[in-house]
file model31.pdb (PDB, C-alpha atoms and all ligand atoms)
MODEL        1
ATOM      1  CA  MET A   9     -91.111-101.691 -44.994  1.00  0.00           C
ATOM      2  CA  ARG A  10     -90.044-104.697 -42.926  1.00  0.00           C
ATOM      3  CA  TYR A  11     -86.821-104.227 -40.967  1.00  0.00           C
ATOM      4  CA  LEU A  12     -84.435-106.931 -39.876  1.00  0.00           C
ATOM      5  CA  VAL A  13     -83.131-105.726 -36.485  1.00  0.00           C
ATOM      6  CA  LEU A  14     -79.750-107.152 -35.467  1.00  0.00           C
ATOM      7  CA  SER A  15     -77.801-106.421 -32.293  1.00  0.00           C
ATOM      8  CA  ASP A  16     -74.766-107.683 -30.393  1.00  0.00           C
ATOM      9  CA  LEU A  17     -73.545-110.001 -33.139  1.00  0.00           C
ATOM     10  CA  HIS A  18     -70.181-110.298 -31.406  1.00  0.00           C
ATOM     11  CA  ALA A  19     -68.247-111.773 -34.326  1.00  0.00           C
ATOM     12  CA  ASN A  20     -70.316-114.963 -34.440  1.00  0.00           C
ATOM     13  CA  LEU A  21     -70.611-115.827 -38.137  1.00  0.00           C
ATOM     14  CA  THR A  22     -72.359-119.186 -37.650  1.00  0.00           C
ATOM     15  CA  ALA A  23     -75.158-117.558 -35.637  1.00  0.00           C
ATOM     16  CA  LEU A  24     -75.468-114.802 -38.244  1.00  0.00           C
ATOM     17  CA  GLU A  25     -75.667-117.260 -41.154  1.00  0.00           C
ATOM     18  CA  SER A  26     -78.346-119.332 -39.393  1.00  0.00           C
ATOM     19  CA  ALA A  27     -80.372-116.218 -38.606  1.00  0.00           C
ATOM     20  CA  MET A  28     -80.112-114.938 -42.180  1.00  0.00           C
ATOM     21  CA  ALA A  29     -81.263-118.293 -43.550  1.00  0.00           C
ATOM     22  CA  ALA A  30     -84.271-118.367 -41.186  1.00  0.00           C
ATOM     23  CA  ALA A  31     -85.261-114.767 -41.975  1.00  0.00           C
ATOM     24  CA  GLU A  32     -84.812-115.030 -45.732  1.00  0.00           C
ATOM     25  CA  GLY A  33     -87.560-113.309 -47.722  1.00  0.00           C
ATOM     26  CA  ARG A  34     -89.196-111.807 -44.627  1.00  0.00           C
ATOM     27  CA  TRP A  35     -87.540-108.366 -44.573  1.00  0.00           C
ATOM     28  CA  GLU A  36     -86.477-105.560 -46.931  1.00  0.00           C
ATOM     29  CA  ARG A  37     -83.923-103.512 -44.983  1.00  0.00           C
ATOM     30  CA  ALA A  38     -81.526-104.292 -42.167  1.00  0.00           C
ATOM     31  CA  VAL A  39     -80.469-102.206 -39.166  1.00  0.00           C
ATOM     32  CA  CYS A  40     -77.820-103.017 -36.579  1.00  0.00           C
ATOM     33  CA  LEU A  41     -77.610-101.744 -32.999  1.00  0.00           C
ATOM     34  CA  GLY A  42     -73.880-102.274 -32.515  1.00  0.00           C
ATOM     35  CA  ASP A  43     -71.384-104.690 -31.003  1.00  0.00           C
ATOM     36  CA  VAL A  44     -70.725-106.169 -34.419  1.00  0.00           C
ATOM     37  CA  VAL A  45     -67.446-107.541 -33.034  1.00  0.00           C
ATOM     38  CA  GLY A  46     -65.871-108.534 -29.715  1.00  0.00           C
ATOM     39  CA  TYR A  47     -65.872-111.923 -27.913  1.00  0.00           C
ATOM     40  CA  GLY A  48     -66.370-114.080 -31.035  1.00  0.00           C
ATOM     41  CA  PRO A  49     -63.970-115.684 -33.522  1.00  0.00           C
ATOM     42  CA  ASP A  50     -65.098-114.113 -36.838  1.00  0.00           C
ATOM     43  CA  PRO A  51     -64.677-110.313 -36.684  1.00  0.00           C
ATOM     44  CA  ASN A  52     -63.806-109.721 -40.352  1.00  0.00           C
ATOM     45  CA  GLU A  53     -66.439-112.104 -41.695  1.00  0.00           C
ATOM     46  CA  VAL A  54     -69.215-110.530 -39.597  1.00  0.00           C
ATOM     47  CA  VAL A  55     -68.180-106.945 -40.461  1.00  0.00           C
ATOM     48  CA  ASP A  56     -68.065-107.974 -44.146  1.00  0.00           C
ATOM     49  CA  CYS A  57     -71.585-109.354 -43.819  1.00  0.00           C
ATOM     50  CA  ILE A  58     -72.964-106.189 -42.184  1.00  0.00           C
ATOM     51  CA  ARG A  59     -71.314-104.092 -44.904  1.00  0.00           C
ATOM     52  CA  ALA A  60     -72.749-106.333 -47.640  1.00  0.00           C
ATOM     53  CA  LEU A  61     -76.234-106.068 -46.108  1.00  0.00           C
ATOM     54  CA  GLN A  62     -75.883-102.265 -46.169  1.00  0.00           C
ATOM     55  CA  ALA A  63     -77.408-102.316 -42.714  1.00  0.00           C
ATOM     56  CA  ARG A  64     -77.896 -98.929 -41.064  1.00  0.00           C
ATOM     57  CA  THR A  65     -75.499 -99.491 -38.160  1.00  0.00           C
ATOM     58  CA  ILE A  66     -74.604 -97.668 -34.958  1.00  0.00           C
ATOM     59  CA  ARG A  67     -71.574 -98.446 -32.820  1.00  0.00           C
ATOM     60  CA  GLY A  68     -71.470-100.481 -29.618  1.00  0.00           C
ATOM     61  CA  ASN A  69     -68.930-100.353 -26.806  1.00  0.00           C
ATOM     62  CA  HIS A  70     -67.100-103.412 -28.163  1.00  0.00           C
ATOM     63  CA  ASP A  71     -66.835-101.829 -31.615  1.00  0.00           C
ATOM     64  CA  LYS A  72     -65.261 -98.735 -30.049  1.00  0.00           C
ATOM     65  CA  ALA A  73     -62.776-100.846 -28.067  1.00  0.00           C
ATOM     66  CA  ALA A  74     -61.882-103.134 -30.992  1.00  0.00           C
ATOM     67  CA  CYS A  75     -61.199-100.317 -33.452  1.00  0.00           C
ATOM     68  CA  GLY A  76     -59.108 -98.335 -30.980  1.00  0.00           C
ATOM     69  CA  LEU A  77     -61.534 -95.433 -30.470  1.00  0.00           C
ATOM     70  CA  GLU A  78     -61.637 -96.199 -26.785  1.00  0.00           C
ATOM     71  CA  TYR A  79     -59.312 -98.057 -24.478  1.00  0.00           C
ATOM     72  CA  ALA A  80     -61.233-100.948 -22.908  1.00  0.00           C
ATOM     73  CA  GLU A  81     -60.523 -99.750 -19.380  1.00  0.00           C
ATOM     74  CA  ASP A  82     -63.986-100.543 -18.033  1.00  0.00           C
ATOM     75  CA  PHE A  83     -63.891-104.049 -19.547  1.00  0.00           C
ATOM     76  CA  ASN A  84     -63.201-107.086 -17.384  1.00  0.00           C
ATOM     77  CA  PRO A  85     -59.923-108.928 -18.187  1.00  0.00           C
ATOM     78  CA  VAL A  86     -61.684-111.533 -20.325  1.00  0.00           C
ATOM     79  CA  ALA A  87     -63.501-108.938 -22.453  1.00  0.00           C
ATOM     80  CA  ARG A  88     -60.311-106.879 -22.739  1.00  0.00           C
ATOM     81  CA  ALA A  89     -58.298-109.880 -23.951  1.00  0.00           C
ATOM     82  CA  ALA A  90     -60.946-110.524 -26.617  1.00  0.00           C
ATOM     83  CA  ALA A  91     -60.941-106.837 -27.635  1.00  0.00           C
ATOM     84  CA  THR A  92     -57.148-106.905 -28.077  1.00  0.00           C
ATOM     85  CA  TRP A  93     -57.339-110.118 -30.127  1.00  0.00           C
ATOM     86  CA  THR A  94     -60.148-108.623 -32.256  1.00  0.00           C
ATOM     87  CA  HIS A  95     -58.154-105.459 -32.898  1.00  0.00           C
ATOM     88  CA  GLU A  96     -55.215-107.533 -34.148  1.00  0.00           C
ATOM     89  CA  GLN A  97     -57.434-109.548 -36.504  1.00  0.00           C
ATOM     90  CA  LEU A  98     -59.385-106.728 -38.149  1.00  0.00           C
ATOM     91  CA  ARG A  99     -58.356-105.722 -41.666  1.00  0.00           C
ATOM     92  CA  PRO A 100     -57.599-102.000 -42.129  1.00  0.00           C
ATOM     93  CA  ASP A 101     -60.781-101.392 -44.149  1.00  0.00           C
ATOM     94  CA  ASN A 102     -62.913-103.036 -41.469  1.00  0.00           C
ATOM     95  CA  LEU A 103     -61.164-101.025 -38.727  1.00  0.00           C
ATOM     96  CA  THR A 104     -62.032 -97.869 -40.663  1.00  0.00           C
ATOM     97  CA  PHE A 105     -65.631 -99.019 -41.092  1.00  0.00           C
ATOM     98  CA  LEU A 106     -65.984 -99.512 -37.309  1.00  0.00           C
ATOM     99  CA  GLN A 107     -64.255 -96.212 -36.513  1.00  0.00           C
ATOM    100  CA  GLN A 108     -66.732 -94.350 -38.706  1.00  0.00           C
ATOM    101  CA  LEU A 109     -69.904 -95.865 -37.242  1.00  0.00           C
ATOM    102  CA  PRO A 110     -72.177 -93.195 -35.733  1.00  0.00           C
ATOM    103  CA  SER A 111     -73.263 -93.307 -32.120  1.00  0.00           C
ATOM    104  CA  GLY A 112     -76.951 -93.724 -31.397  1.00  0.00           C
ATOM    105  CA  PRO A 113     -79.644 -92.617 -31.230  1.00  0.00           C
ATOM    106  CA  ILE A 114     -80.386 -92.403 -34.929  1.00  0.00           C
ATOM    107  CA  GLU A 115     -83.742 -92.635 -36.684  1.00  0.00           C
ATOM    108  CA  ALA A 116     -84.706 -94.774 -39.660  1.00  0.00           C
ATOM    109  CA  ASP A 117     -88.273 -94.689 -41.015  1.00  0.00           C
ATOM    110  CA  GLY A 118     -89.948 -94.085 -37.666  1.00  0.00           C
ATOM    111  CA  LEU A 119     -87.628 -96.421 -35.743  1.00  0.00           C
ATOM    112  CA  ALA A 120     -85.091 -95.044 -33.274  1.00  0.00           C
ATOM    113  CA  LEU A 121     -81.912 -97.068 -32.759  1.00  0.00           C
ATOM    114  CA  VAL A 122     -79.644 -96.954 -29.685  1.00  0.00           C
ATOM    115  CA  HIS A 123     -77.001 -99.356 -28.396  1.00  0.00           C
ATOM    116  CA  GLY A 124     -77.506 -98.890 -24.639  1.00  0.00           C
ATOM    117  CA  ALA A 125     -79.669 -96.181 -23.080  1.00  0.00           C
ATOM    118  CA  LEU A 126     -81.109 -93.257 -25.052  1.00  0.00           C
ATOM    119  CA  HIS A 127     -78.930 -90.684 -23.280  1.00  0.00           C
ATOM    120  CA  ASP A 128     -75.824 -92.859 -22.809  1.00  0.00           C
ATOM    121  CA  GLU A 129     -74.805 -95.450 -25.381  1.00  0.00           C
ATOM    122  CA  ASP A 130     -72.741 -97.355 -22.779  1.00  0.00           C
ATOM    123  CA  GLU A 131     -75.447 -97.613 -20.103  1.00  0.00           C
ATOM    124  CA  TYR A 132     -77.419-100.842 -19.547  1.00  0.00           C
ATOM    125  CA  VAL A 133     -81.236-100.868 -19.549  1.00  0.00           C
ATOM    126  CA  PHE A 134     -82.322-103.884 -17.509  1.00  0.00           C
ATOM    127  CA  ALA A 135     -85.016-102.534 -15.168  1.00  0.00           C
ATOM    128  CA  PRO A 136     -88.199-100.525 -15.815  1.00  0.00           C
ATOM    129  CA  ALA A 137     -86.776 -97.501 -13.944  1.00  0.00           C
ATOM    130  CA  GLN A 138     -83.814 -97.476 -16.346  1.00  0.00           C
ATOM    131  CA  ALA A 139     -86.183 -97.646 -19.332  1.00  0.00           C
ATOM    132  CA  LEU A 140     -88.377 -94.694 -18.428  1.00  0.00           C
ATOM    133  CA  ASP A 141     -86.169 -91.912 -19.888  1.00  0.00           C
ATOM    134  CA  GLY A 142     -85.837 -93.754 -23.186  1.00  0.00           C
ATOM    135  CA  LEU A 143     -89.573 -94.423 -23.399  1.00  0.00           C
ATOM    136  CA  LEU A 144     -90.470 -90.787 -22.714  1.00  0.00           C
ATOM    137  CA  ASP A 145     -87.689 -88.932 -24.543  1.00  0.00           C
ATOM    138  CA  SER A 146     -87.113 -90.994 -27.689  1.00  0.00           C
ATOM    139  CA  PRO A 147     -87.953 -89.228 -30.951  1.00  0.00           C
ATOM    140  CA  SER A 148     -89.841 -92.359 -32.092  1.00  0.00           C
ATOM    141  CA  ALA A 149     -92.695 -94.338 -30.582  1.00  0.00           C
ATOM    142  CA  VAL A 150     -90.725 -97.507 -31.269  1.00  0.00           C
ATOM    143  CA  THR A 151     -87.084 -97.554 -30.179  1.00  0.00           C
ATOM    144  CA  PHE A 152     -84.762-100.535 -30.464  1.00  0.00           C
ATOM    145  CA  PHE A 153     -81.879-100.996 -28.040  1.00  0.00           C
ATOM    146  CA  GLY A 154     -79.273-103.665 -27.333  1.00  0.00           C
ATOM    147  CA  HIS A 155     -76.272-104.012 -25.010  1.00  0.00           C
ATOM    148  CA  THR A 156     -77.936-106.178 -22.312  1.00  0.00           C
ATOM    149  CA  HIS A 157     -78.212-109.293 -24.529  1.00  0.00           C
ATOM    150  CA  PHE A 158     -81.742-109.877 -23.140  1.00  0.00           C
ATOM    151  CA  GLN A 159     -84.595-110.218 -25.632  1.00  0.00           C
ATOM    152  CA  GLY A 160     -87.787-108.322 -24.734  1.00  0.00           C
ATOM    153  CA  GLY A 161     -88.327-104.756 -23.569  1.00  0.00           C
ATOM    154  CA  PHE A 162     -90.749-102.231 -22.169  1.00  0.00           C
ATOM    155  CA  SER A 163     -93.916-100.390 -23.131  1.00  0.00           C
ATOM    156  CA  PHE A 164     -95.450 -97.174 -21.826  1.00  0.00           C
ATOM    157  CA  ARG A 165     -99.077 -96.191 -22.141  1.00  0.00           C
ATOM    158  CA  GLU A 166    -101.270 -93.882 -20.050  1.00  0.00           C
ATOM    159  CA  ASN A 167     -98.617 -93.615 -17.326  1.00  0.00           C
ATOM    160  CA  GLN A 168     -98.317 -97.391 -17.185  1.00  0.00           C
ATOM    161  CA  LEU A 169     -94.883 -98.922 -17.739  1.00  0.00           C
ATOM    162  CA  GLU A 170     -94.907-102.617 -18.566  1.00  0.00           C
ATOM    163  CA  VAL A 171     -92.169-105.194 -19.028  1.00  0.00           C
ATOM    164  CA  ILE A 172     -92.444-107.159 -22.271  1.00  0.00           C
ATOM    165  CA  GLN A 173     -91.289-110.746 -21.942  1.00  0.00           C
ATOM    166  CA  LEU A 174     -92.070-112.232 -25.272  1.00  0.00           C
ATOM    167  CA  ARG A 175     -89.662-114.943 -26.304  1.00  0.00           C
ATOM    168  CA  PRO A 176     -90.363-117.805 -28.650  1.00  0.00           C
ATOM    169  CA  GLU A 177     -90.549-121.108 -26.807  1.00  0.00           C
ATOM    170  CA  ALA A 178     -88.289-124.027 -27.646  1.00  0.00           C
ATOM    171  CA  GLY A 179     -89.268-125.424 -31.024  1.00  0.00           C
ATOM    172  CA  THR A 180     -90.897-122.201 -32.252  1.00  0.00           C
ATOM    173  CA  SER A 181     -89.091-119.550 -34.306  1.00  0.00           C
ATOM    174  CA  PHE A 182     -90.738-116.330 -33.217  1.00  0.00           C
ATOM    175  CA  ALA A 183     -93.218-114.633 -30.915  1.00  0.00           C
ATOM    176  CA  ALA A 184     -95.157-111.652 -32.288  1.00  0.00           C
ATOM    177  CA  LEU A 185     -95.854-108.391 -30.488  1.00  0.00           C
ATOM    178  CA  ARG A 186     -98.840-106.315 -31.585  1.00  0.00           C
ATOM    179  CA  VAL A 187     -97.746-102.653 -31.735  1.00  0.00           C
ATOM    180  CA  GLU A 188    -100.506-100.407 -30.364  1.00  0.00           C
ATOM    181  CA  LEU A 189    -100.833 -96.887 -31.768  1.00  0.00           C
ATOM    182  CA  ASP A 190    -101.031 -95.006 -28.461  1.00  0.00           C
ATOM    183  CA  THR A 191     -98.117 -96.835 -26.827  1.00  0.00           C
ATOM    184  CA  ARG A 192     -94.369 -96.179 -26.716  1.00  0.00           C
ATOM    185  CA  TYR A 193     -91.914 -99.064 -26.921  1.00  0.00           C
ATOM    186  CA  LEU A 194     -88.311 -99.761 -25.992  1.00  0.00           C
ATOM    187  CA  LEU A 195     -87.531-103.134 -27.553  1.00  0.00           C
ATOM    188  CA  ASN A 196     -84.457-105.341 -27.468  1.00  0.00           C
ATOM    189  CA  PRO A 197     -84.114-107.865 -30.324  1.00  0.00           C
ATOM    190  CA  GLY A 198     -81.722-109.865 -28.115  1.00  0.00           C
ATOM    191  CA  SER A 199     -78.130-110.770 -28.891  1.00  0.00           C
ATOM    192  CA  LEU A 200     -77.428-112.551 -32.139  1.00  0.00           C
ATOM    193  CA  GLY A 201     -73.990-113.830 -31.219  1.00  0.00           C
ATOM    194  CA  GLN A 202     -73.877-114.125 -27.423  1.00  0.00           C
ATOM    195  CA  PRO A 203     -77.327-114.422 -25.769  1.00  0.00           C
ATOM    196  CA  ARG A 204     -77.383-114.032 -21.980  1.00  0.00           C
ATOM    197  CA  ASP A 205     -81.078-114.492 -21.214  1.00  0.00           C
ATOM    198  CA  GLY A 206     -80.870-118.240 -20.711  1.00  0.00           C
ATOM    199  CA  ASP A 207     -81.747-119.223 -24.286  1.00  0.00           C
ATOM    200  CA  PRO A 208     -78.597-120.039 -26.297  1.00  0.00           C
ATOM    201  CA  ARG A 209     -80.325-119.646 -29.668  1.00  0.00           C
ATOM    202  CA  ALA A 210     -79.387-116.661 -31.865  1.00  0.00           C
ATOM    203  CA  ALA A 211     -81.777-113.743 -31.272  1.00  0.00           C
ATOM    204  CA  PHE A 212     -83.018-110.974 -33.580  1.00  0.00           C
ATOM    205  CA  ALA A 213     -86.236-109.164 -34.472  1.00  0.00           C
ATOM    206  CA  ILE A 214     -88.243-108.269 -37.559  1.00  0.00           C
ATOM    207  CA  ALA A 215     -90.198-105.001 -37.328  1.00  0.00           C
ATOM    208  CA  ASP A 216     -93.149-104.391 -39.638  1.00  0.00           C
ATOM    209  CA  LEU A 217     -94.526-101.096 -38.343  1.00  0.00           C
ATOM    210  CA  PRO A 218     -97.035-100.441 -41.162  1.00  0.00           C
ATOM    211  CA  ASN A 219     -98.683-103.710 -40.125  1.00  0.00           C
ATOM    212  CA  ARG A 220     -97.955-102.963 -36.435  1.00  0.00           C
ATOM    213  CA  VAL A 221     -96.098-106.175 -35.694  1.00  0.00           C
ATOM    214  CA  VAL A 222     -92.683-106.870 -34.184  1.00  0.00           C
ATOM    215  CA  GLU A 223     -91.494-110.473 -34.277  1.00  0.00           C
ATOM    216  CA  PHE A 224     -88.955-111.649 -31.702  1.00  0.00           C
ATOM    217  CA  TRP A 225     -86.971-114.502 -33.261  1.00  0.00           C
ATOM    218  CA  ARG A 226     -84.798-117.313 -31.885  1.00  0.00           C
ATOM    219  CA  VAL A 227     -82.849-119.601 -34.197  1.00  0.00           C
ATOM    220  CA  PRO A 228     -80.655-122.573 -33.230  1.00  0.00           C
ATOM    221  CA  TYR A 229     -77.150-122.668 -34.663  1.00  0.00           C
ATOM    222  CA  ASN A 230     -74.054-124.876 -34.499  1.00  0.00           C
ATOM    223  CA  ILE A 231     -72.590-123.613 -31.209  1.00  0.00           C
ATOM    224  CA  GLU A 232     -69.850-126.290 -31.136  1.00  0.00           C
ATOM    225  CA  ALA A 233     -68.431-125.062 -34.455  1.00  0.00           C
ATOM    226  CA  VAL A 234     -68.065-121.548 -33.027  1.00  0.00           C
ATOM    227  CA  GLN A 235     -66.541-122.877 -29.808  1.00  0.00           C
ATOM    228  CA  GLN A 236     -63.940-124.811 -31.806  1.00  0.00           C
ATOM    229  CA  ARG A 237     -62.908-121.699 -33.745  1.00  0.00           C
ATOM    230  CA  MET A 238     -62.673-119.766 -30.471  1.00  0.00           C
ATOM    231  CA  LYS A 239     -60.407-122.466 -28.988  1.00  0.00           C
ATOM    232  CA  ARG A 240     -58.155-122.410 -32.040  1.00  0.00           C
ATOM    233  CA  ALA A 241     -57.961-118.614 -31.787  1.00  0.00           C
ATOM    234  CA  GLY A 242     -56.974-118.849 -28.119  1.00  0.00           C
ATOM    235  CA  LEU A 243     -59.924-116.761 -26.930  1.00  0.00           C
ATOM    236  CA  PRO A 244     -60.671-116.929 -23.165  1.00  0.00           C
ATOM    237  CA  GLU A 245     -62.386-120.108 -21.906  1.00  0.00           C
ATOM    238  CA  PRO A 246     -65.321-118.398 -20.106  1.00  0.00           C
ATOM    239  CA  LEU A 247     -66.387-116.805 -23.401  1.00  0.00           C
ATOM    240  CA  ILE A 248     -66.310-120.210 -25.093  1.00  0.00           C
ATOM    241  CA  LEU A 249     -68.342-121.958 -22.385  1.00  0.00           C
ATOM    242  CA  ARG A 250     -71.057-119.347 -21.964  1.00  0.00           C
ATOM    243  CA  LEU A 251     -72.340-119.719 -25.555  1.00  0.00           C
ATOM    244  CA  ALA A 252     -73.754-123.173 -24.758  1.00  0.00           C
ATOM    245  CA  PHE A 253     -75.741-121.871 -21.778  1.00  0.00           C
ATOM    246  CA  GLY A 254     -76.899-118.574 -23.197  1.00  0.00           C
ATOM    247  CA  ARG A 255     -75.681-116.844 -20.023  1.00  0.00           C
TER
HETATM  248 ZN    ZN B   1     -72.813-106.596 -26.561  1.00  0.00          ZN
ENDMDL
END
call {"tool": "encode", "arguments": {"input": "model31.pdb", "output": "structure tokens", "more": "lines below"}}
Ligand code: ZN
result
Amino acid sequence: MRYLVLSDLHANLTALESAMAAAEGRWERAVCLGDVVGYGPDPNEVVDCIRALQARTIRGNHDKAACGLEYAEDFNPVARAAATWTHEQLRPDNLTFLQQLPSGPIEADGLALVHGALHDEDEYVFAPAQALDGLLDSPSAVTFFGHTHFQGGFSFRENQLEVIQLRPEAGTSFAALRVELDTRYLLNPGSLGQPRDGDPRAAFAIADLPNRVVEFWRVPYNIEAVQQRMKRAGLPEPLILRLAFGR
């Protein structure tokens, strides 16, 4: 079974449509690591898409804030303004969908899915020391996480923790990781709708564990079109500008 792994879509429909077109025919089931909404201009359209894909989905911190499960008290003012706007836009059925999303970790066919860290869905995993617990304690050898908006991850084998920096170069669509049998992995597909690792292209992954391959994808999309919708919606300027830089 080949899995399409989506994370941190952040209500960016144009990025999602471009990614789906690029990945067409290359996967059978979809999973989603949360932050379906927040920041971006298309919350209902992106939730509709995730529901139509029947993607196994866990919640992210922005989903919790946007559907009213959690007050966005630890958000900066810009993120909070976007969360309030998102809440006002969401249709009742989509609010209910977000409210009912489970928290990670969950398991699907030998893959574990978490939004942030294994033991705390809201915690960021940037550094190897922060990855160690997840690598050792996860119920699966391959765990996907999101939240940082950085594509890549970590591997652990024979007491050796390594950082995986495997991003497709400009002009190429994906970089493939060979999954070794005696190794544990904590992998981030990157952010589909608001990358922050310096590459503005939409990020996602395709996991084919039976063939022991994970592909890290990057797909260009029409960033200006999204920025124009954000302007019309009155979303905060820093959120509009950052899409072009991937920061
Ligand atoms: Zn996010």
call {"tool": "closest_residue", "arguments": {"input": "model31.pdb", "among": "A:Tyr11, A:Trp225, A:Tyr79, A:Tyr47", "to": "Trp35 of chain A", "atoms": "all atoms listed in the file"}}
result
A:Tyr11
call {"tool": "resolve_selection", "arguments": {"input": "model31.pdb", "expression": "the PyMOL selection byres (((not hetatm)) within 12 of (chain B and resi 1))", "output": "ChimeraX atom specification"}}
result
/A:14-20,40-48,67-73,83,87,91,123-124,129-132,153-158,196-204
call {"tool": "closest_residue", "arguments": {"input": "model31.pdb", "among": "A:Ser181, A:Cys57, A:Ala38, A:Glu78", "to": "Asp216 of chain A", "atoms": "only C-alpha atoms"}}
result
A:Ala38
call {"tool": "residues_near_point", "arguments": {"input": "model31.pdb", "point": "(-82.8, -92.2, -36.7)", "cutoff": "12 Å", "atoms": "all atoms listed in the file", "output": "list in words"}}
result
Val39, Cys40, Leu41, Arg64, Thr65, Ile66, Pro110, Ser111, Gly112, Pro113, Ile114, Glu115, Ala116, Asp117, Gly118, Leu119, Ala120, Leu121, Val122, Leu126, Ser146, Pro147, Ser148, Ala149, Val150, Thr151 and Phe152 of chain A
call {"tool": "resolve_selection", "arguments": {"input": "model31.pdb", "expression": "the PyMOL selection byres (((chain A and resi 144) around 12) and not hetatm)", "output": "JSON, numbers by chain"}}
result
{"A": [126, 127, 137, 138, 139, 140, 141, 142, 143, 145, 146, 147, 148, 149, 150, 151, 162, 163, 164, 165, 166, 167, 168, 169, 191, 192, 193, 194]}
call {"tool": "resolve_selection", "arguments": {"input": "model31.pdb", "expression": "the PyMOL selection byres (((chain A and resi 237) around 12) and not hetatm)", "output": "ChimeraX atom specification"}}
result
/A:19-22,47-51,230-236,238-245,247-248
call {"tool": "atom_distance", "arguments": {"input": "model31.pdb", "atom1": "atom CA of Arg220 of chain A", "atom2": "atom CA of Arg10 of chain A"}}
result
10.4 Å
call {"tool": "atom_distance", "arguments": {"input": "model31.pdb", "atom1": "atom CA of Ala210 of chain A", "atom2": "atom CA of Leu195 of chain A"}}
result
16.4 Å
call {"tool": "atom_distance", "arguments": {"input": "model31.pdb", "atom1": "atom CA of Glu32 of chain A", "atom2": "atom CA of Glu223 of chain A"}}
result
14.0 Å
call {"tool": "closest_residue", "arguments": {"input": "model31.pdb", "among": "A:Ile172, A:Leu12, A:Ala211, A:Leu217", "to": "Gly254 of chain A", "atoms": "only C-alpha atoms"}}
result
A:Ala211
call {"tool": "closest_residue", "arguments": {"input": "model31.pdb", "among": "A:Gly33, A:Gly160, A:Pro136, A:Pro228", "to": "Ala183 of chain A", "atoms": "all atoms listed in the file"}}
result
A:Gly160
call {"tool": "residues_around", "arguments": {"input": "model31.pdb", "residues": "Gly179 of chain A", "least_positions_apart": "3", "cutoff": "10 Å", "atoms": "all atoms listed in the file", "output": "JSON list (two decimals) with C-alpha atoms, in the coordinates of the input"}}
result
[["chain", "number", "residue", "atom", "x", "y", "z"],
["A", 176, "PRO", "CA", -90.36, -117.80, -28.65],
["A", 182, "PHE", "CA", -90.74, -116.33, -33.22],
["A", 226, "ARG", "CA", -84.80, -117.31, -31.88],
["A", 227, "VAL", "CA", -82.85, -119.60, -34.20],
["A", 228, "PRO", "CA", -80.66, -122.57, -33.23]]
call {"tool": "closest_residue", "arguments": {"input": "model31.pdb", "among": "A:Asn84, A:Ser26, A:Gln159, A:Asn102", "to": "Asp205 of chain A", "atoms": "all atoms listed in the file"}}
result
A:Gln159
call {"tool": "axis_aligned_box", "arguments": {"input": "model31.pdb", "around": "segment 127-132 of chain A", "padding_each_side": "5 Å", "output": "lines of an AutoDock Vina configuration file"}}
result
center_x = -75.8
center_y = -95.8
center_z = -22.5
size_x = 16.2
size_y = 20.2
size_z = 15.8
call {"tool": "residues_near_point", "arguments": {"input": "model31.pdb", "point": "(-66.5, -103.4, -38.8)", "cutoff": "9 Å", "atoms": "all atoms listed in the file", "output": "list in words"}}
result
Val44, Val45, Pro51, Asn52, Val54, Val55, Asp56, Ile58, Arg59, Asp71, Cys75, Leu98, Arg99, Asp101, Asn102, Leu103, Thr104, Phe105, Leu106, Gln107 and Leu109 of chain A
call {"tool": "closest_residue", "arguments": {"input": "model31.pdb", "among": "A:Val221, A:Ala23, A:Met9, A:Arg209", "to": "Phe253 of chain A", "atoms": "all atoms listed in the file"}}
result
A:Arg209
call {"tool": "build_atoms", "arguments": {"input": "model31.pdb", "residues": "segment 69-78 of chain A", "atoms": "N, CA and C atoms", "output": "PDB file, in the frame of the given file"}}
result
ATOM      1  N   ASN A  69     -70.148-100.544 -27.590  1.00  0.00           N
ATOM      2  CA  ASN A  69     -68.930-100.353 -26.806  1.00  0.00           C
ATOM      3  C   ASN A  69     -67.804-101.277 -27.265  1.00  0.00           C
ATOM      4  N   HIS A  70     -68.144-102.491 -27.699  1.00  0.00           N
ATOM      5  CA  HIS A  70     -67.100-103.412 -28.163  1.00  0.00           C
ATOM      6  C   HIS A  70     -66.524-102.981 -29.512  1.00  0.00           C
ATOM      7  N   ASP A  71     -67.351-102.354 -30.346  1.00  0.00           N
ATOM      8  CA  ASP A  71     -66.835-101.829 -31.615  1.00  0.00           C
ATOM      9  C   ASP A  71     -65.826-100.713 -31.347  1.00  0.00           C
ATOM     10  N   LYS A  72     -66.164 -99.843 -30.402  1.00  0.00           N
ATOM     11  CA  LYS A  72     -65.261 -98.735 -30.049  1.00  0.00           C
ATOM     12  C   LYS A  72     -63.928 -99.269 -29.530  1.00  0.00           C
ATOM     13  N   ALA A  73     -64.004-100.296 -28.655  1.00  0.00           N
ATOM     14  CA  ALA A  73     -62.776-100.846 -28.067  1.00  0.00           C
ATOM     15  C   ALA A  73     -61.943-101.560 -29.141  1.00  0.00           C
ATOM     16  N   ALA A  74     -62.610-102.322 -30.010  1.00  0.00           N
ATOM     17  CA  ALA A  74     -61.882-103.134 -30.992  1.00  0.00           C
ATOM     18  C   ALA A  74     -61.219-102.287 -32.071  1.00  0.00           C
ATOM     19  N   CYS A  75     -61.790-101.126 -32.381  1.00  0.00           N
ATOM     20  CA  CYS A  75     -61.199-100.317 -33.452  1.00  0.00           C
ATOM     21  C   CYS A  75     -60.299 -99.226 -32.896  1.00  0.00           C
ATOM     22  N   GLY A  76     -60.083 -99.240 -31.567  1.00  0.00           N
ATOM     23  CA  GLY A  76     -59.108 -98.335 -30.980  1.00  0.00           C
ATOM     24  C   GLY A  76     -59.628 -96.945 -30.674  1.00  0.00           C
ATOM     25  N   LEU A  77     -60.957 -96.742 -30.802  1.00  0.00           N
ATOM     26  CA  LEU A  77     -61.534 -95.433 -30.470  1.00  0.00           C
ATOM     27  C   LEU A  77     -61.522 -95.201 -28.964  1.00  0.00           C
ATOM     28  N   GLU A  78     -61.523 -96.307 -28.237  1.00  0.00           N
ATOM     29  CA  GLU A  78     -61.637 -96.199 -26.785  1.00  0.00           C
ATOM     30  C   GLU A  78     -60.802 -97.308 -26.190  1.00  0.00           C
TER      31      GLU A  78
END
